[in-house]
>>> print(open('model38.pdb').read())   # PDB, C-alpha atoms
ATOM      1  CA  MET A   1       0.000   0.000   0.000  1.00  0.00           C
ATOM      2  CA  ILE A   2       1.285   3.434  -0.828  1.00  0.00           C
ATOM      3  CA  GLY A   3       2.239   5.628   2.117  1.00  0.00           C
ATOM      4  CA  GLN A   4       2.079   2.840   4.686  1.00  0.00           C
ATOM      5  CA  ALA A   5       4.920   0.950   6.301  1.00  0.00           C
ATOM      6  CA  ARG A   6       4.858  -1.755   8.914  1.00  0.00           C
ATOM      7  CA  THR A   7       6.595  -0.532  12.005  1.00  0.00           C
ATOM      8  CA  PHE A   8       7.249  -1.590  15.559  1.00  0.00           C
ATOM      9  CA  VAL A   9       7.315   0.247  18.881  1.00  0.00           C
ATOM     10  CA  GLU A  10       9.805  -0.922  21.491  1.00  0.00           C
ATOM     11  CA  TYR A  11      11.683   0.450  24.441  1.00  0.00           C
ATOM     12  CA  VAL A  12      14.913  -0.076  26.308  1.00  0.00           C
ATOM     13  CA  THR A  13      15.200   0.623  30.002  1.00  0.00           C
ATOM     14  CA  ASN A  14      18.324   1.483  31.900  1.00  0.00           C
ATOM     15  CA  SER A  15      16.752   0.320  35.147  1.00  0.00           C
ATOM     16  CA  GLN A  16      14.751  -2.620  36.416  1.00  0.00           C
ATOM     17  CA  ARG A  17      10.987  -2.504  36.018  1.00  0.00           C
ATOM     18  CA  GLY A  18       9.097  -1.221  39.016  1.00  0.00           C
ATOM     19  CA  THR A  19      12.016   0.615  40.600  1.00  0.00           C
ATOM     20  CA  GLN A  20      12.305   4.316  41.200  1.00  0.00           C
ATOM     21  CA  ASP A  21      15.529   4.997  39.339  1.00  0.00           C
ATOM     22  CA  ASN A  22      16.947   7.821  37.290  1.00  0.00           C
ATOM     23  CA  GLY A  23      17.192   5.650  34.164  1.00  0.00           C
ATOM     24  CA  ARG A  24      15.648   6.299  30.784  1.00  0.00           C
ATOM     25  CA  LYS A  25      13.270   4.490  28.465  1.00  0.00           C
ATOM     26  CA  ARG A  26      13.864   4.748  24.755  1.00  0.00           C
ATOM     27  CA  PHE A  27      10.818   4.274  22.552  1.00  0.00           C
ATOM     28  CA  ILE A  28      11.520   3.896  18.836  1.00  0.00           C
ATOM     29  CA  VAL A  29       9.480   3.386  15.678  1.00  0.00           C
ATOM     30  CA  THR A  30      11.275   1.845  12.711  1.00  0.00           C
ATOM     31  CA  ASP A  31      10.302   0.880   9.196  1.00  0.00           C
ATOM     32  CA  THR A  32      10.572  -2.683   7.884  1.00  0.00           C
ATOM     33  CA  LEU A  33      14.247  -2.153   7.015  1.00  0.00           C
ATOM     34  CA  GLY A  34      15.026  -1.099  10.570  1.00  0.00           C
ATOM     35  CA  LEU A  35      15.549   2.575   9.726  1.00  0.00           C
ATOM     36  CA  LEU A  36      14.577   4.959  12.504  1.00  0.00           C
ATOM     37  CA  LEU A  37      11.384   6.968  12.005  1.00  0.00           C
ATOM     38  CA  VAL A  38      10.596   8.290  15.499  1.00  0.00           C
ATOM     39  CA  VAL A  39      12.426   8.258  18.823  1.00  0.00           C
ATOM     40  CA  CYS A  40      11.154   9.393  22.231  1.00  0.00           C
ATOM     41  CA  VAL A  41      13.287   9.252  25.371  1.00  0.00           C
ATOM     42  CA  MET A  42      11.555   9.501  28.741  1.00  0.00           C
ATOM     43  CA  ALA A  43      12.261   8.940  32.400  1.00  0.00           C
ATOM     44  CA  ALA A  44      12.167   5.341  33.598  1.00  0.00           C
ATOM     45  CA  SER A  45       9.282   6.248  35.904  1.00  0.00           C
ATOM     46  CA  VAL A  46       6.949   6.845  32.912  1.00  0.00           C
ATOM     47  CA  GLN A  47       4.546   3.959  32.329  1.00  0.00           C
ATOM     48  CA  ASP A  48       5.099   2.073  29.074  1.00  0.00           C
ATOM     49  CA  ARG A  49       1.654   2.820  27.700  1.00  0.00           C
ATOM     50  CA  ASP A  50       2.013   6.553  28.443  1.00  0.00           C
ATOM     51  CA  GLY A  51       5.352   6.621  26.636  1.00  0.00           C
ATOM     52  CA  ALA A  52       3.848   4.676  23.766  1.00  0.00           C
ATOM     53  CA  LYS A  53       1.052   7.254  23.420  1.00  0.00           C
ATOM     54  CA  THR A  54       3.603  10.040  22.989  1.00  0.00           C
ATOM     55  CA  THR A  55       5.587   7.941  20.527  1.00  0.00           C
ATOM     56  CA  LEU A  56       2.516   6.967  18.508  1.00  0.00           C
ATOM     57  CA  LEU A  57       1.373  10.588  18.417  1.00  0.00           C
ATOM     58  CA  SER A  58       4.814  11.623  17.123  1.00  0.00           C
ATOM     59  CA  ALA A  59       4.669   8.877  14.488  1.00  0.00           C
ATOM     60  CA  TYR A  60       1.200  10.063  13.461  1.00  0.00           C
ATOM     61  CA  LEU A  61       2.319  13.693  13.108  1.00  0.00           C
ATOM     62  CA  LEU A  62       5.700  13.080  11.451  1.00  0.00           C
ATOM     63  CA  THR A  63       5.125  10.082   9.152  1.00  0.00           C
ATOM     64  CA  PRO A  64       2.375   8.686   6.909  1.00  0.00           C
ATOM     65  CA  VAL A  65       2.521   5.391   8.829  1.00  0.00           C
ATOM     66  CA  ARG A  66      -0.908   4.113   9.833  1.00  0.00           C
ATOM     67  CA  ILE A  67      -0.162   0.431  10.534  1.00  0.00           C
ATOM     68  CA  ILE A  68       2.064  -0.257  13.528  1.00  0.00           C
ATOM     69  CA  TYR A  69       3.141  -3.492  15.182  1.00  0.00           C
ATOM     70  CA  ALA A  70       3.839  -3.376  18.913  1.00  0.00           C
ATOM     71  CA  ASP A  71       5.126  -5.603  21.681  1.00  0.00           C
ATOM     72  CA  ALA A  72       2.641  -7.463  23.891  1.00  0.00           C
ATOM     73  CA  GLY A  73       3.457  -5.037  26.722  1.00  0.00           C
ATOM     74  CA  PHE A  74       1.486  -2.371  24.871  1.00  0.00           C
ATOM     75  CA  ALA A  75      -1.764  -4.375  24.620  1.00  0.00           C
ATOM     76  CA  GLY A  76      -4.983  -3.142  26.160  1.00  0.00           C
ATOM     77  CA  ALA A  77      -6.591   0.285  25.961  1.00  0.00           C
ATOM     78  CA  LEU A  78      -3.711   1.616  23.823  1.00  0.00           C
ATOM     79  CA  VAL A  79      -4.973  -0.370  20.808  1.00  0.00           C
ATOM     80  CA  GLU A  80      -8.418   1.224  20.980  1.00  0.00           C
ATOM     81  CA  TRP A  81      -6.944   4.679  21.717  1.00  0.00           C
ATOM     82  CA  SER A  82      -4.698   4.553  18.631  1.00  0.00           C
ATOM     83  CA  ARG A  83      -7.610   3.440  16.456  1.00  0.00           C
ATOM     84  CA  ARG A  84     -10.024   6.056  17.800  1.00  0.00           C
ATOM     85  CA  VAL A  85      -7.751   9.088  18.219  1.00  0.00           C
ATOM     86  CA  LEU A  86      -5.001   8.552  15.640  1.00  0.00           C
ATOM     87  CA  ALA A  87      -6.857   6.467  13.033  1.00  0.00           C
ATOM     88  CA  THR A  88      -3.880   4.098  13.241  1.00  0.00           C
ATOM     89  CA  THR A  89      -4.110   0.325  13.364  1.00  0.00           C
ATOM     90  CA  LEU A  90      -2.000  -1.092  16.198  1.00  0.00           C
ATOM     91  CA  TYR A  91      -1.302  -4.820  15.919  1.00  0.00           C
ATOM     92  CA  ILE A  92       0.058  -6.596  18.991  1.00  0.00           C
ATOM     93  CA  VAL A  93       2.787  -9.167  18.308  1.00  0.00           C
ATOM     94  CA  ARG A  94       2.644 -11.999  20.842  1.00  0.00           C
ATOM     95  CA  LYS A  95       4.695 -15.085  21.546  1.00  0.00           C
ATOM     96  CA  ALA A  96       3.397 -18.357  20.230  1.00  0.00           C
ATOM     97  CA  PRO A  97       1.268 -20.200  22.818  1.00  0.00           C
ATOM     98  CA  GLY A  98       3.372 -22.642  24.800  1.00  0.00           C
ATOM     99  CA  GLN A  99       6.670 -21.166  23.617  1.00  0.00           C
ATOM    100  CA  MET A 100       9.547 -21.900  25.966  1.00  0.00           C
ATOM    101  CA  GLY A 101      12.901 -20.142  25.718  1.00  0.00           C
ATOM    102  CA  PHE A 102      14.078 -17.838  22.952  1.00  0.00           C
ATOM    103  CA  ALA A 103      12.511 -17.812  19.510  1.00  0.00           C
ATOM    104  CA  VAL A 104      12.552 -15.175  16.798  1.00  0.00           C
ATOM    105  CA  ILE A 105       9.163 -13.481  16.692  1.00  0.00           C
ATOM    106  CA  ALA A 106       7.995 -12.161  13.335  1.00  0.00           C
ATOM    107  CA  ARG A 107       8.346  -8.388  12.987  1.00  0.00           C
ATOM    108  CA  ARG A 108       9.871  -8.002  16.438  1.00  0.00           C
ATOM    109  CA  TRP A 109      13.383  -8.854  15.282  1.00  0.00           C
ATOM    110  CA  VAL A 110      13.432  -5.737  13.081  1.00  0.00           C
ATOM    111  CA  VAL A 111      13.333  -3.373  16.052  1.00  0.00           C
ATOM    112  CA  GLU A 112      15.597  -5.612  18.138  1.00  0.00           C
ATOM    113  CA  ARG A 113      18.166  -5.476  15.335  1.00  0.00           C
ATOM    114  CA  SER A 114      17.760  -1.688  15.104  1.00  0.00           C
ATOM    115  CA  LEU A 115      18.351  -1.333  18.842  1.00  0.00           C
ATOM    116  CA  ALA A 116      21.469  -3.503  18.513  1.00  0.00           C
ATOM    117  CA  TRP A 117      22.744  -1.262  15.710  1.00  0.00           C
ATOM    118  CA  LEU A 118      22.120   1.817  17.836  1.00  0.00           C
ATOM    119  CA  THR A 119      23.781   0.470  20.961  1.00  0.00           C
ATOM    120  CA  SER A 120      26.877  -0.453  18.961  1.00  0.00           C
ATOM    121  CA  HIS A 121      27.655   3.262  18.970  1.00  0.00           C
ATOM    122  CA  ARG A 122      29.915   4.073  21.905  1.00  0.00           C
ATOM    123  CA  ARG A 123      27.976   7.161  22.955  1.00  0.00           C
ATOM    124  CA  LEU A 124      24.776   5.120  23.399  1.00  0.00           C
ATOM    125  CA  ALA A 125      26.343   2.294  25.393  1.00  0.00           C
ATOM    126  CA  ARG A 126      25.780   4.331  28.567  1.00  0.00           C
ATOM    127  CA  ASP A 127      23.367   7.114  29.368  1.00  0.00           C
ATOM    128  CA  TYR A 128      25.786  10.059  29.347  1.00  0.00           C
ATOM    129  CA  GLU A 129      23.224  12.726  28.516  1.00  0.00           C
ATOM    130  CA  ARG A 130      21.652  14.898  31.181  1.00  0.00           C
ATOM    131  CA  HIS A 131      18.569  15.874  29.158  1.00  0.00           C
ATOM    132  CA  SER A 132      16.306  13.556  27.207  1.00  0.00           C
ATOM    133  CA  ALA A 133      16.391  15.863  24.167  1.00  0.00           C
ATOM    134  CA  ASN A 134      20.175  15.390  23.985  1.00  0.00           C
ATOM    135  CA  SER A 135      19.715  11.638  24.285  1.00  0.00           C
ATOM    136  CA  GLU A 136      17.190  11.673  21.426  1.00  0.00           C
ATOM    137  CA  ALA A 137      19.644  13.683  19.318  1.00  0.00           C
ATOM    138  CA  MET A 138      22.405  11.135  19.965  1.00  0.00           C
ATOM    139  CA  ILE A 139      20.087   8.300  18.927  1.00  0.00           C
ATOM    140  CA  ARG A 140      19.170  10.148  15.716  1.00  0.00           C
ATOM    141  CA  TRP A 141      22.860  10.823  15.064  1.00  0.00           C
ATOM    142  CA  ALA A 142      23.696   7.130  15.478  1.00  0.00           C
ATOM    143  CA  ALA A 143      20.815   6.173  13.149  1.00  0.00           C
ATOM    144  CA  ILE A 144      22.003   8.652  10.510  1.00  0.00           C
ATOM    145  CA  SER A 145      25.511   7.252  10.781  1.00  0.00           C
ATOM    146  CA  THR A 146      24.210   3.713  10.309  1.00  0.00           C
ATOM    147  CA  MET A 147      22.116   4.756   7.283  1.00  0.00           C
ATOM    148  CA  ALA A 148      25.052   6.636   5.716  1.00  0.00           C
ATOM    149  CA  ARG A 149      27.314   3.581   6.083  1.00  0.00           C
ATOM    150  CA  ARG A 150      24.695   1.345   4.507  1.00  0.00           C
ATOM    151  CA  LEU A 151      24.192   3.744   1.581  1.00  0.00           C
ATOM    152  CA  ALA A 152      27.928   4.253   1.018  1.00  0.00           C
ATOM    153  CA  ARG A 153      28.510   0.499   0.872  1.00  0.00           C
ATOM    154  CA  GLY A 154      26.230   0.340  -2.183  1.00  0.00           C
ATOM    155  CA  ARG A 155      25.478  -3.376  -1.815  1.00  0.00           C
ATOM    156  CA  PRO A 156      23.948  -5.635   0.806  1.00  0.00           C
ATOM    157  CA  ALA A 157      26.164  -6.495   3.731  1.00  0.00           C
ATOM    158  CA  THR A 158      27.796  -9.905   3.583  1.00  0.00           C
ATOM    159  CA  ARG A 159      29.308 -11.909   6.356  1.00  0.00           C
ATOM    160  CA  PRO A 160      32.353 -14.051   5.843  1.00  0.00           C
ATOM    161  CA  GLY A 161      31.568 -17.755   5.693  1.00  0.00           C
ATOM    162  CA  PRO A 162      32.776 -20.248   8.263  1.00  0.00           C
ATOM    163  CA  ARG A 163      36.517 -20.815   8.381  1.00  0.00           C
ATOM    164  CA  LEU A 164      37.603 -24.386   7.938  1.00  0.00           C
ATOM    165  CA  LEU A 165      40.176 -25.719  10.323  1.00  0.00           C
ATOM    166  CA  GLU A 166      43.272 -26.851   8.531  1.00  0.00           C
ATOM    167  CA  PRO A 167      45.294 -29.691   9.974  1.00  0.00           C
ATOM    168  CA  ALA A 168      48.587 -28.585  11.476  1.00  0.00           C
ATOM    169  CA  GLY A 169      51.656 -30.021   9.910  1.00  0.00           C
TER     170      GLY A 169
END
>>> encode(input="model38.pdb", output="structure tokens")
Amino acid sequence: MIGQARTFVEYVTNSQRGTQDNGRKRFIVTDTLGLLLVVCVMAASVQDRDGAKTTLLSAYLLTPVRIIYADAGFAGALVEWSRRVLATTLYIVRKAPGQMGFAVIARRWVVERSLAWLTSHRRLARDYERHSANSEAMIRWAAISTMARRLARGRPATRPGPRLLEPAG
């Protein structure tokens, strides 16, 4: 469909859930390639659904995206709110019933990969910034750097194949 992209909302916390800490939550929206569309950084004390509302509102105002995939932690009244207020369809991606251990979940790996790309930048490994606006700027800067490297390469990234062990002697 023209003007629509499948995206995902996710967050990273610098503190444990339920604690009163001075950490930050990073909410991002990416496209299907993992390119950053929207980022919102908030205090760790902000509830996930409240942070998601701000992020979804930003995505609504800044992008033509109207179909968004979200983690199961964002289920509930947020789905109806996004449909009613933002005219945006919010699909909740859940684990398969009875799943034990780690398994790649469709559409979720895109944002997990994007977060891994972002945290590979030294400045984002720790929360050095005093203000959330500066932290958002650093995340955007890291995303721009990643996009520029991918464009400059001019071809898909390739990984070297497995190395065969050669017998000594």
>>> closest_residue(input="model38.pdb", among="A:Met42, A:Leu37, A:Ala103, A:Val65", to="A:Ala143", atoms="only C-alpha atoms")
A:Leu37
>>> residues_around(input="model38.pdb", residues="A:Trp117", least_positions_apart="4", cutoff="10 Å", atoms="only C-alpha atoms", output="list in words")
Gly34, Val111, Glu112, Arg113, His121, Ala142, Ala143 and Thr146 of chain A
>>> write_last_selection(input="model38.pdb", atoms="C-alpha atoms", output="compact mmCIF listing (two decimals), keeping the file's coordinate frame")
# COMPACT_ATOMS: atom_id res chain seq x y z
CA GLY A 34 15.03 -1.10 10.57
CA VAL A 111 13.33 -3.37 16.05
CA GLU A 112 15.60 -5.61 18.14
CA ARG A 113 18.17 -5.48 15.34
CA HIS A 121 27.66 3.26 18.97
CA ALA A 142 23.70 7.13 15.48
CA ALA A 143 20.82 6.17 13.15
CA THR A 146 24.21 3.71 10.31
>>> residues_near_point(input="model38.pdb", point="(14.1, 11.8, 22.9)", cutoff="9 Å", atoms="only C-alpha atoms", output="VMD selection string")
chain A and resid 26 to 27 38 to 42 131 to 140
>>> axis_aligned_box(input="model38.pdb", around="stretch 141-148 of chain A", padding_each_side="4 Å", output="JSON")
{"center_x": 23.2, "center_y": 7.3, "center_z": 10.6, "size_x": 12.7, "size_y": 15.1, "size_z": 17.8}
>>> closest_residue(input="model38.pdb", among="A:Ser82, A:Thr63, A:Thr55, A:Ser114", to="A:Thr32", atoms="all atoms listed in the file")
A:Ser114
>>> closest_residue(input="model38.pdb", among="A:Leu35, A:Leu165, A:Leu57, A:Ala43", to="A:Asp127", atoms="all atoms listed in the file")
A:Ala43
>>> residues_around(input="model38.pdb", residues="A:Trp81", least_positions_apart="3", cutoff="12 Å", atoms="only C-alpha atoms", output="NGL selection string")
:A and (49-50 or 52-54 or 56-57 or 74-78 or 84-90)
>>> atom_distance(input="model38.pdb", atom1="atom CA of A:Pro64", atom2="atom CA of A:Gln47")
25.9 Å
>>> closest_residue(input="model38.pdb", among="A:Arg123, A:Arg107, A:Arg159, A:Arg130", to="A:Ile92", atoms="all atoms listed in the file")
A:Arg107
>>> atom_distance(input="model38.pdb", atom1="atom CA of A:Ile67", atom2="atom CA of A:Tyr91")
7.6 Å
>>> atom_distance(input="model38.pdb", atom1="atom CA of A:Ile68", atom2="atom CA of A:Ile144")
22.0 Å
>>> closest_residue(input="model38.pdb", among="A:Leu115, A:Leu124, A:Val46, A:Leu62", to="A:Ile28", atoms="all atoms listed in the file")
A:Leu115
>>> closest_residue(input="model38.pdb", among="A:Arg155, A:Val104, A:Trp141, A:Ala168", to="A:Arg122", atoms="all atoms listed in the file")
A:Trp141
